[in-house]
>>> print(open('work16.cif').read())   # mmCIF, N, CA and C atoms
data_final
loop_
_atom_site.label_atom_id
_atom_site.label_comp_id
_atom_site.auth_asym_id
_atom_site.auth_seq_id
_atom_site.Cartn_x
_atom_site.Cartn_y
_atom_site.Cartn_z
N SER A 265 86.07 -203.67 55.25
CA SER A 265 87.26 -204.43 55.56
C SER A 265 88.45 -203.84 54.82
N GLU A 266 89.62 -204.05 55.36
CA GLU A 266 90.82 -203.51 54.76
C GLU A 266 91.59 -204.60 54.05
N MET A 267 92.31 -204.20 53.02
CA MET A 267 93.05 -205.14 52.21
C MET A 267 94.43 -204.55 51.91
N CYS A 268 95.48 -205.30 52.12
CA CYS A 268 96.83 -204.82 51.85
C CYS A 268 97.18 -204.99 50.38
N ILE A 269 97.87 -204.02 49.86
CA ILE A 269 98.35 -204.03 48.48
C ILE A 269 99.85 -204.22 48.52
N ARG A 270 100.43 -204.75 47.47
CA ARG A 270 101.85 -205.11 47.48
C ARG A 270 102.79 -203.97 47.81
N ASP A 271 102.41 -202.71 47.52
CA ASP A 271 103.26 -201.57 47.85
C ASP A 271 103.03 -201.08 49.27
N ARG A 272 102.33 -201.87 50.06
CA ARG A 272 102.11 -201.61 51.48
C ARG A 272 101.25 -200.38 51.74
N TRP A 273 100.20 -200.26 50.99
CA TRP A 273 99.19 -199.25 51.30
C TRP A 273 97.86 -199.96 51.44
N ILE A 274 96.87 -199.26 51.96
CA ILE A 274 95.61 -199.88 52.36
C ILE A 274 94.47 -199.44 51.46
N VAL A 275 93.65 -200.40 51.04
CA VAL A 275 92.35 -200.10 50.44
C VAL A 275 91.35 -200.09 51.58
N ASP A 276 90.77 -198.92 51.85
CA ASP A 276 89.82 -198.79 52.96
C ASP A 276 88.46 -199.37 52.61
N SER A 277 87.97 -199.03 51.41
CA SER A 277 86.65 -199.51 51.03
C SER A 277 86.46 -199.44 49.52
N ILE A 278 85.58 -200.29 49.05
CA ILE A 278 85.13 -200.22 47.66
C ILE A 278 83.97 -199.24 47.65
N ALA A 279 84.14 -198.12 46.95
CA ALA A 279 83.11 -197.08 46.93
C ALA A 279 82.01 -197.42 45.93
N ALA A 280 82.38 -198.06 44.80
CA ALA A 280 81.39 -198.44 43.79
C ALA A 280 82.04 -199.34 42.76
N VAL A 281 81.22 -200.17 42.15
CA VAL A 281 81.64 -200.97 41.01
C VAL A 281 80.71 -200.60 39.86
N ASP A 282 81.28 -200.08 38.79
CA ASP A 282 80.52 -199.69 37.61
C ASP A 282 80.78 -200.75 36.53
N GLU A 283 79.95 -201.78 36.54
CA GLU A 283 80.14 -202.88 35.58
C GLU A 283 79.97 -202.40 34.15
N ALA A 284 78.98 -201.54 33.90
CA ALA A 284 78.74 -201.04 32.55
C ALA A 284 79.93 -200.23 32.04
N GLY A 285 80.52 -199.43 32.93
CA GLY A 285 81.66 -198.60 32.56
C GLY A 285 82.99 -199.30 32.72
N GLY A 286 82.97 -200.49 33.35
CA GLY A 286 84.18 -201.28 33.50
C GLY A 286 85.17 -200.74 34.53
N MET A 287 84.65 -200.07 35.59
CA MET A 287 85.56 -199.46 36.57
C MET A 287 85.20 -199.86 38.00
N VAL A 288 86.22 -199.87 38.86
CA VAL A 288 86.05 -200.03 40.30
C VAL A 288 86.57 -198.75 40.94
N TYR A 289 85.79 -198.21 41.87
CA TYR A 289 86.17 -197.00 42.61
C TYR A 289 86.41 -197.39 44.05
N PHE A 290 87.54 -196.95 44.62
CA PHE A 290 87.86 -197.33 45.99
C PHE A 290 88.60 -196.20 46.70
N THR A 291 88.55 -196.22 48.03
CA THR A 291 89.33 -195.27 48.82
C THR A 291 90.51 -196.00 49.45
N GLY A 292 91.59 -195.26 49.64
CA GLY A 292 92.77 -195.88 50.21
C GLY A 292 93.88 -194.89 50.51
N THR A 293 95.02 -195.46 50.92
CA THR A 293 96.16 -194.67 51.39
C THR A 293 97.33 -194.67 50.40
N LYS A 294 97.06 -194.88 49.13
CA LYS A 294 98.13 -195.00 48.13
C LYS A 294 99.10 -193.82 48.15
N ASP A 295 98.60 -192.61 48.42
CA ASP A 295 99.45 -191.41 48.39
C ASP A 295 99.91 -190.96 49.77
N GLY A 296 99.82 -191.82 50.76
CA GLY A 296 100.34 -191.50 52.09
C GLY A 296 99.43 -191.97 53.20
N ASP A 297 100.03 -192.36 54.30
CA ASP A 297 99.29 -192.89 55.45
C ASP A 297 98.36 -191.87 56.09
N THR A 298 98.64 -190.58 55.92
CA THR A 298 97.82 -189.55 56.54
C THR A 298 96.74 -189.03 55.60
N GLN A 299 96.54 -189.72 54.48
CA GLN A 299 95.53 -189.32 53.50
C GLN A 299 94.60 -190.49 53.19
N ARG A 300 93.38 -190.16 52.81
CA ARG A 300 92.43 -191.13 52.27
C ARG A 300 91.89 -190.49 51.00
N ASN A 301 92.15 -191.09 49.86
CA ASN A 301 91.73 -190.55 48.58
C ASN A 301 90.86 -191.54 47.83
N LEU A 302 90.16 -191.04 46.82
CA LEU A 302 89.36 -191.88 45.93
C LEU A 302 90.18 -192.20 44.69
N TYR A 303 90.16 -193.47 44.30
CA TYR A 303 90.88 -193.93 43.13
C TYR A 303 89.95 -194.73 42.24
N ALA A 304 90.33 -194.85 40.97
CA ALA A 304 89.60 -195.68 40.01
C ALA A 304 90.59 -196.61 39.33
N VAL A 305 90.13 -197.82 39.04
CA VAL A 305 90.94 -198.79 38.31
C VAL A 305 90.00 -199.60 37.42
N PRO A 306 90.43 -199.91 36.20
CA PRO A 306 89.59 -200.75 35.33
C PRO A 306 89.33 -202.12 35.96
N LEU A 307 88.12 -202.64 35.75
CA LEU A 307 87.76 -203.97 36.26
C LEU A 307 88.73 -205.05 35.78
N LEU A 308 89.23 -204.92 34.58
CA LEU A 308 90.13 -205.93 34.02
C LEU A 308 91.59 -205.67 34.36
N GLY A 309 91.84 -204.70 35.24
CA GLY A 309 93.20 -204.38 35.62
C GLY A 309 93.72 -203.21 34.80
N GLY A 310 94.75 -202.57 35.31
CA GLY A 310 95.33 -201.43 34.62
C GLY A 310 95.79 -200.38 35.60
N GLU A 311 96.01 -199.18 35.10
CA GLU A 311 96.55 -198.09 35.89
C GLU A 311 95.52 -197.58 36.90
N ILE A 312 95.99 -197.33 38.12
CA ILE A 312 95.16 -196.74 39.17
C ILE A 312 95.24 -195.23 39.02
N LYS A 313 94.06 -194.59 38.98
CA LYS A 313 94.00 -193.14 38.82
C LYS A 313 93.38 -192.51 40.06
N ARG A 314 94.06 -191.50 40.61
CA ARG A 314 93.53 -190.77 41.76
C ARG A 314 92.50 -189.76 41.26
N LEU A 315 91.33 -189.71 41.93
CA LEU A 315 90.24 -188.82 41.52
C LEU A 315 90.04 -187.64 42.46
N THR A 316 90.53 -187.70 43.68
CA THR A 316 90.42 -186.58 44.62
C THR A 316 91.67 -185.71 44.46
N PRO A 317 91.50 -184.47 43.99
CA PRO A 317 92.66 -183.65 43.67
C PRO A 317 93.39 -183.06 44.88
N ASP A 318 92.69 -182.91 45.99
CA ASP A 318 93.27 -182.25 47.16
C ASP A 318 93.80 -183.26 48.16
N ASP A 319 94.99 -183.01 48.71
CA ASP A 319 95.51 -183.86 49.77
C ASP A 319 94.63 -183.73 51.00
N GLY A 320 94.40 -184.83 51.70
CA GLY A 320 93.60 -184.80 52.92
C GLY A 320 92.86 -186.09 53.14
N MET A 321 91.89 -186.02 54.02
CA MET A 321 91.05 -187.16 54.36
C MET A 321 89.71 -186.99 53.65
N HIS A 322 89.39 -187.93 52.77
CA HIS A 322 88.19 -187.85 51.94
C HIS A 322 87.22 -188.96 52.30
N SER A 323 85.96 -188.61 52.42
CA SER A 323 84.87 -189.56 52.56
C SER A 323 83.96 -189.33 51.36
N VAL A 324 83.74 -190.35 50.56
CA VAL A 324 83.07 -190.14 49.28
C VAL A 324 81.82 -191.01 49.13
N THR A 325 80.91 -190.53 48.31
CA THR A 325 79.77 -191.30 47.84
C THR A 325 79.81 -191.21 46.32
N VAL A 326 79.99 -192.36 45.66
CA VAL A 326 80.10 -192.39 44.20
C VAL A 326 78.74 -192.61 43.58
N HIS A 327 78.43 -191.80 42.59
CA HIS A 327 77.20 -191.92 41.79
C HIS A 327 77.65 -192.23 40.36
N ALA A 328 78.02 -193.49 40.11
CA ALA A 328 78.60 -193.88 38.82
C ALA A 328 77.68 -193.58 37.65
N GLU A 329 76.36 -193.77 37.86
CA GLU A 329 75.42 -193.55 36.76
C GLU A 329 75.40 -192.10 36.30
N SER A 330 75.71 -191.15 37.19
CA SER A 330 75.74 -189.74 36.80
C SER A 330 77.16 -189.24 36.50
N GLY A 331 78.16 -190.10 36.75
CA GLY A 331 79.54 -189.71 36.49
C GLY A 331 80.10 -188.73 37.51
N ARG A 332 79.53 -188.74 38.72
CA ARG A 332 79.95 -187.79 39.75
C ARG A 332 80.15 -188.49 41.11
N PHE A 333 80.80 -187.77 42.01
CA PHE A 333 80.88 -188.24 43.39
C PHE A 333 80.83 -187.06 44.34
N THR A 334 80.27 -187.31 45.51
CA THR A 334 80.24 -186.33 46.59
C THR A 334 81.47 -186.57 47.44
N ASP A 335 82.24 -185.51 47.67
CA ASP A 335 83.51 -185.60 48.39
C ASP A 335 83.44 -184.72 49.63
N THR A 336 83.38 -185.34 50.80
CA THR A 336 83.44 -184.63 52.07
C THR A 336 84.87 -184.79 52.57
N TRP A 337 85.58 -183.67 52.72
CA TRP A 337 87.01 -183.79 53.02
C TRP A 337 87.52 -182.62 53.85
N SER A 338 88.70 -182.84 54.44
CA SER A 338 89.41 -181.81 55.18
C SER A 338 90.90 -182.16 55.16
N SER A 339 91.71 -181.19 55.53
CA SER A 339 93.15 -181.41 55.64
C SER A 339 93.69 -180.52 56.74
N THR A 340 94.99 -180.59 56.96
CA THR A 340 95.59 -179.75 57.99
C THR A 340 95.55 -178.27 57.59
N THR A 341 95.34 -177.99 56.30
CA THR A 341 95.30 -176.60 55.83
C THR A 341 93.92 -176.18 55.32
N SER A 342 92.96 -177.09 55.35
CA SER A 342 91.61 -176.77 54.85
C SER A 342 90.56 -177.28 55.82
N PRO A 343 89.61 -176.42 56.21
CA PRO A 343 88.53 -176.88 57.08
C PRO A 343 87.62 -177.85 56.33
N PRO A 344 86.78 -178.59 57.04
CA PRO A 344 85.88 -179.53 56.37
C PRO A 344 85.01 -178.84 55.32
N ARG A 345 84.85 -179.52 54.19
CA ARG A 345 84.00 -178.99 53.12
C ARG A 345 83.43 -180.16 52.32
N VAL A 346 82.43 -179.86 51.51
CA VAL A 346 81.81 -180.86 50.65
C VAL A 346 81.87 -180.34 49.22
N ASP A 347 82.35 -181.17 48.32
CA ASP A 347 82.42 -180.82 46.89
C ASP A 347 81.73 -181.91 46.07
N LEU A 348 81.09 -181.49 44.98
CA LEU A 348 80.55 -182.42 44.00
C LEU A 348 81.57 -182.45 42.87
N ARG A 349 82.10 -183.64 42.58
CA ARG A 349 83.19 -183.77 41.61
C ARG A 349 82.82 -184.76 40.51
N SER A 350 83.55 -184.65 39.41
CA SER A 350 83.34 -185.53 38.27
C SER A 350 84.25 -186.76 38.38
N LEU A 351 83.73 -187.92 38.01
CA LEU A 351 84.56 -189.13 37.96
C LEU A 351 85.48 -189.12 36.75
N LYS A 352 85.24 -188.24 35.80
CA LYS A 352 86.01 -188.21 34.55
C LYS A 352 87.24 -187.32 34.61
N ASP A 353 87.31 -186.43 35.60
CA ASP A 353 88.44 -185.47 35.67
C ASP A 353 89.70 -186.10 36.20
#
>>> encode(input="work16.cif", output="structure tokens")
Amino acid sequence: SEMCIRDRWIVDSIAAVDEAGGMVYFTGTKDGDTQRNLYAVPLLGGEIKRLTPDDGMHSVTVHAESGRFTDTWSSTTSPPRVDLRSLKD
């Protein structure tokens, strides 16, 4: 389900909730309507941090226990690819 945020961008999905680490990981359009990126925010509120470094459309699977996520993505300048990325970067 989609949820509107006050700055008029969309949270597409909750990718993971890491209760032990105190973080929520979600995908959304915070950086533009033509992008879907992975973001992290503390469970108790705070700054939203973008975790996908490349502009484009990202489909992710978060593995919070290992501190990594699988990022399947593409953009207008990059063909589809899959990267294993760190949640800490």
>>> resolve_selection(input="work16.cif", expression="the PyMOL selection byres (((chain A and resi 302 and name CA) around 8) and name CA)", output="ChimeraX atom specification")
/A:289-292,300-301,303-304,314-316,322,324
>>> resolve_selection(input="work16.cif", expression="the PyMOL selection byres ((chain A and resi 280) around 8)", output="mmCIF file with N, CA and C atoms, in the coordinates of the input")
data_model
loop_
_atom_site.group_PDB
_atom_site.id
_atom_site.type_symbol
_atom_site.label_atom_id
_atom_site.label_comp_id
_atom_site.auth_asym_id
_atom_site.auth_seq_id
_atom_site.Cartn_x
_atom_site.Cartn_y
_atom_site.Cartn_z
ATOM 1 N N SER A 277 87.970 -199.030 51.410
ATOM 2 C CA SER A 277 86.650 -199.510 51.030
ATOM 3 C C SER A 277 86.460 -199.440 49.520
ATOM 4 N N ILE A 278 85.580 -200.290 49.050
ATOM 5 C CA ILE A 278 85.130 -200.220 47.660
ATOM 6 C C ILE A 278 83.970 -199.240 47.650
ATOM 7 N N ALA A 279 84.140 -198.120 46.950
ATOM 8 C CA ALA A 279 83.110 -197.080 46.930
ATOM 9 C C ALA A 279 82.010 -197.420 45.930
ATOM 10 N N VAL A 281 81.220 -200.170 42.150
ATOM 11 C CA VAL A 281 81.640 -200.970 41.010
ATOM 12 C C VAL A 281 80.710 -200.600 39.860
ATOM 13 N N ASP A 282 81.280 -200.080 38.790
ATOM 14 C CA ASP A 282 80.520 -199.690 37.610
ATOM 15 C C ASP A 282 80.780 -200.750 36.530
ATOM 16 N N GLU A 283 79.950 -201.780 36.540
ATOM 17 C CA GLU A 283 80.140 -202.880 35.580
ATOM 18 C C GLU A 283 79.970 -202.400 34.150
ATOM 19 N N MET A 287 84.650 -200.070 35.590
ATOM 20 C CA MET A 287 85.560 -199.460 36.570
ATOM 21 C C MET A 287 85.200 -199.860 38.000
ATOM 22 N N VAL A 288 86.220 -199.870 38.860
ATOM 23 C CA VAL A 288 86.050 -200.030 40.300
ATOM 24 C C VAL A 288 86.570 -198.750 40.940
ATOM 25 N N TYR A 289 85.790 -198.210 41.870
ATOM 26 C CA TYR A 289 86.170 -197.000 42.610
ATOM 27 C C TYR A 289 86.410 -197.390 44.050
ATOM 28 N N PHE A 290 87.540 -196.950 44.620
ATOM 29 C CA PHE A 290 87.860 -197.330 45.990
ATOM 30 C C PHE A 290 88.600 -196.200 46.700
ATOM 31 N N THR A 291 88.550 -196.220 48.030
ATOM 32 C CA THR A 291 89.330 -195.270 48.820
ATOM 33 C C THR A 291 90.510 -196.000 49.450
ATOM 34 N N THR A 325 80.910 -190.530 48.310
ATOM 35 C CA THR A 325 79.770 -191.300 47.840
ATOM 36 C C THR A 325 79.810 -191.210 46.320
ATOM 37 N N VAL A 326 79.990 -192.360 45.660
ATOM 38 C CA VAL A 326 80.100 -192.390 44.200
ATOM 39 C C VAL A 326 78.740 -192.610 43.580
ATOM 40 N N HIS A 327 78.430 -191.800 42.590
ATOM 41 C CA HIS A 327 77.200 -191.920 41.790
ATOM 42 C C HIS A 327 77.650 -192.230 40.360
ATOM 43 N N ALA A 328 78.020 -193.490 40.110
ATOM 44 C CA ALA A 328 78.600 -193.880 38.820
ATOM 45 C C ALA A 328 77.680 -193.580 37.650
#
>>> closest_residue(input="work16.cif", among="A:Asp295, A:Gly331, A:Ser323, A:Gly286", to="Val346 (chain A)", atoms="only C-alpha atoms")
A:Ser323
>>> resolve_selection(input="work16.cif", expression="the PyMOL selection byres (((chain A and resi 337 and name CA) around 7) and name CA)", output="count of residues only")
10
>>> atom_distance(input="work16.cif", atom1="atom N of Lys294 (chain A)", atom2="CA of Trp273 (chain A)")
5.3 Å
>>> axis_aligned_box(input="work16.cif", around="region 269-287 of chain A", padding_each_side="8 Å", output="JSON")
{"center_x": 91.0, "center_y": -201.1, "center_z": 42.5, "size_x": 40.5, "size_y": 24.0, "size_z": 36.9}
>>> atom_distance(input="work16.cif", atom1="CA of Asp319 (chain A)", atom2="atom N of Ala284 (chain A)")
28.9 Å
>>> closest_residue(input="work16.cif", among="A:Ser330, A:Thr293, A:Ser350, A:Gln299", to="Asp276 (chain A)", atoms="all atoms listed in the file")
A:Thr293
>>> atom_distance(input="work16.cif", atom1="CA of Pro306 (chain A)", atom2="CA of Gly285 (chain A)")
8.7 Å
>>> select_by_dssp(input="work16.cif", residues="chain A", states="strand (DSSP E)", output="ChimeraX atom specification")
/A:267-268,274-282,287-292,301-306,313-314,321-327,332-338,345-350
